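J.: Handing you a structure now.
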Amino acid sequence: MIAQTSAPQAPDIRSEQSAADAKIEALLEHAFGPGRFAKASERVREMAEFRPDLSFCAWEGERLVGSVRMWKIHIGGAPAFFLGPIAVEADQRKHGTGAVLVARACEAAQASGCSLVLLVGDMPYFGRFGFSNDHTAAVRLPGPVDQRRVLAWGATAPLSGPVTA
Ligand SMILES: CC(C)(COP(=O)(O)OP(=O)(O)OC[C@H]1O[C@@H](n2cnc3c(N)ncnc32)[C@H](O)[C@@H]1OP(=O)(O)O)[C@@H](O)C(=O)NCCC(=O)NCCS
């Protein structure tokens, strides 16, 4: 008799609720450690308006296994969203949860009327979702950053100027 294996069940993706705060903090601590507070992205998040309605959590029952957050920003005065942090628990990676979280956040941004999303991250990962640094050379983050890692989704022309709230 052939043993039956079942594919891992896809986590449940839901809008972020404030009750998840402590679990998200724990997830981010596992994924990034305390060094995350030193990043230029964190300076953006300190000044920007958090948008829980565009932010999503991945749940396996009561266990939080993934999170993506979105923030309202402007780039040189033009409205945009800032994506991050995004993290998936180590034992749940490589099943497409990160991809679903990125897609849901970008779709929600688009549905809200603004299709421009900025992040600081790895091109080899985010490039597959349509993020690129083609138009971001003149975007200024509030802190030192490797400019090649400043990626935009939905940009159709060069972006320039400071990232502000
Ligand atoms: C990045 C992250 C959210 C991806 O979550 P995930 O659920 O595993 O994502 P997916 O299943 O959609 O994609 C997995 C694929 O992306 C690849 N990948 C993950 N991180 C990558 C990176 N930084 N650069 C290039 N590829 C990456 C994996 O190797 C895997 O490749 P495969 O499909 O060939 O096996 C997760 O790895 C994570 O939490 N990492 C720690 C936090 C982090 O680095 N966040 C992003 C900041 S840039």
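Letters A, B, ... go to the chains of the structure tokens in the order shown; residues in each chain start at 1; ligands are counted from 1 in the same order.
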Compile the contact shell of segment 46-54 of chain A as a list in words: residues with an atom at most 8 Å away, counting only C-alpha atoms, same-chain residues fewer than 3 positions apart removed.
T.: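 Listing them by chain and then by number gives Ser15, Glu16, Gln17, Glu42, Arg43, Arg69, Met70, Trp71, Lys72, Ile73, Ala105, Ala108, Ala109, Thr164 and Ala165 of chain A.
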J.: Need to verify the contact set: segment 30-41 of chain A, 9 Å, only C-alpha atoms, exclusion of same-chain residues closer than 3 positions in sequence. Can you return it as number ranges by chain?
T.: A: 25-27, 44-46, 82, 84-85, 87-90, 119-120, 141-145
J.: I want to know what sits within 10 Å of segment 151-154 of chain A, based on only C-alpha atoms, with residues of the same chain fewer than 5 positions away left out; could you give that as a PyMOL selection string?
T.: chain A and resi 80-83+106+110+114-123+126-127+129-137+139+159
J.: So which residues of chain A fall under strand (DSSP E or B) by DSSP, listed as a ChimeraX atom specification?
T.: /A:12-15,49-50,56-60,63-75,78-88,117-120,132,138-140,150-153,160-164
J.: Excluding Arg63 of chain A and any residue of its chain fewer than 2 positions from it, enumerate the residues within 12 Å of it, using only C-alpha atoms, and give them as number ranges by chain.
T.: A: 11-13, 20, 22-24, 26-27, 57-61, 65-67, 88-89, 92
J.: So which residues of chain A fall under alpha helix (DSSP H) by DSSP, listed as a VMD selection string?
T.: chain A and resid 21 to 32 40 to 47 97 to 111 123 to 126
J.: When you look at Ser160 of chain A with a cut-off of 7 Å (counting only C-alpha atoms), what residues show up, excluding the ones that are within fewer than 6 positions of it in the same chain? I need them as a list in words.
T.: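 Here the qualifying residues turn out to be Ile75, Gly76, Ala138 and Val139 of chain A.
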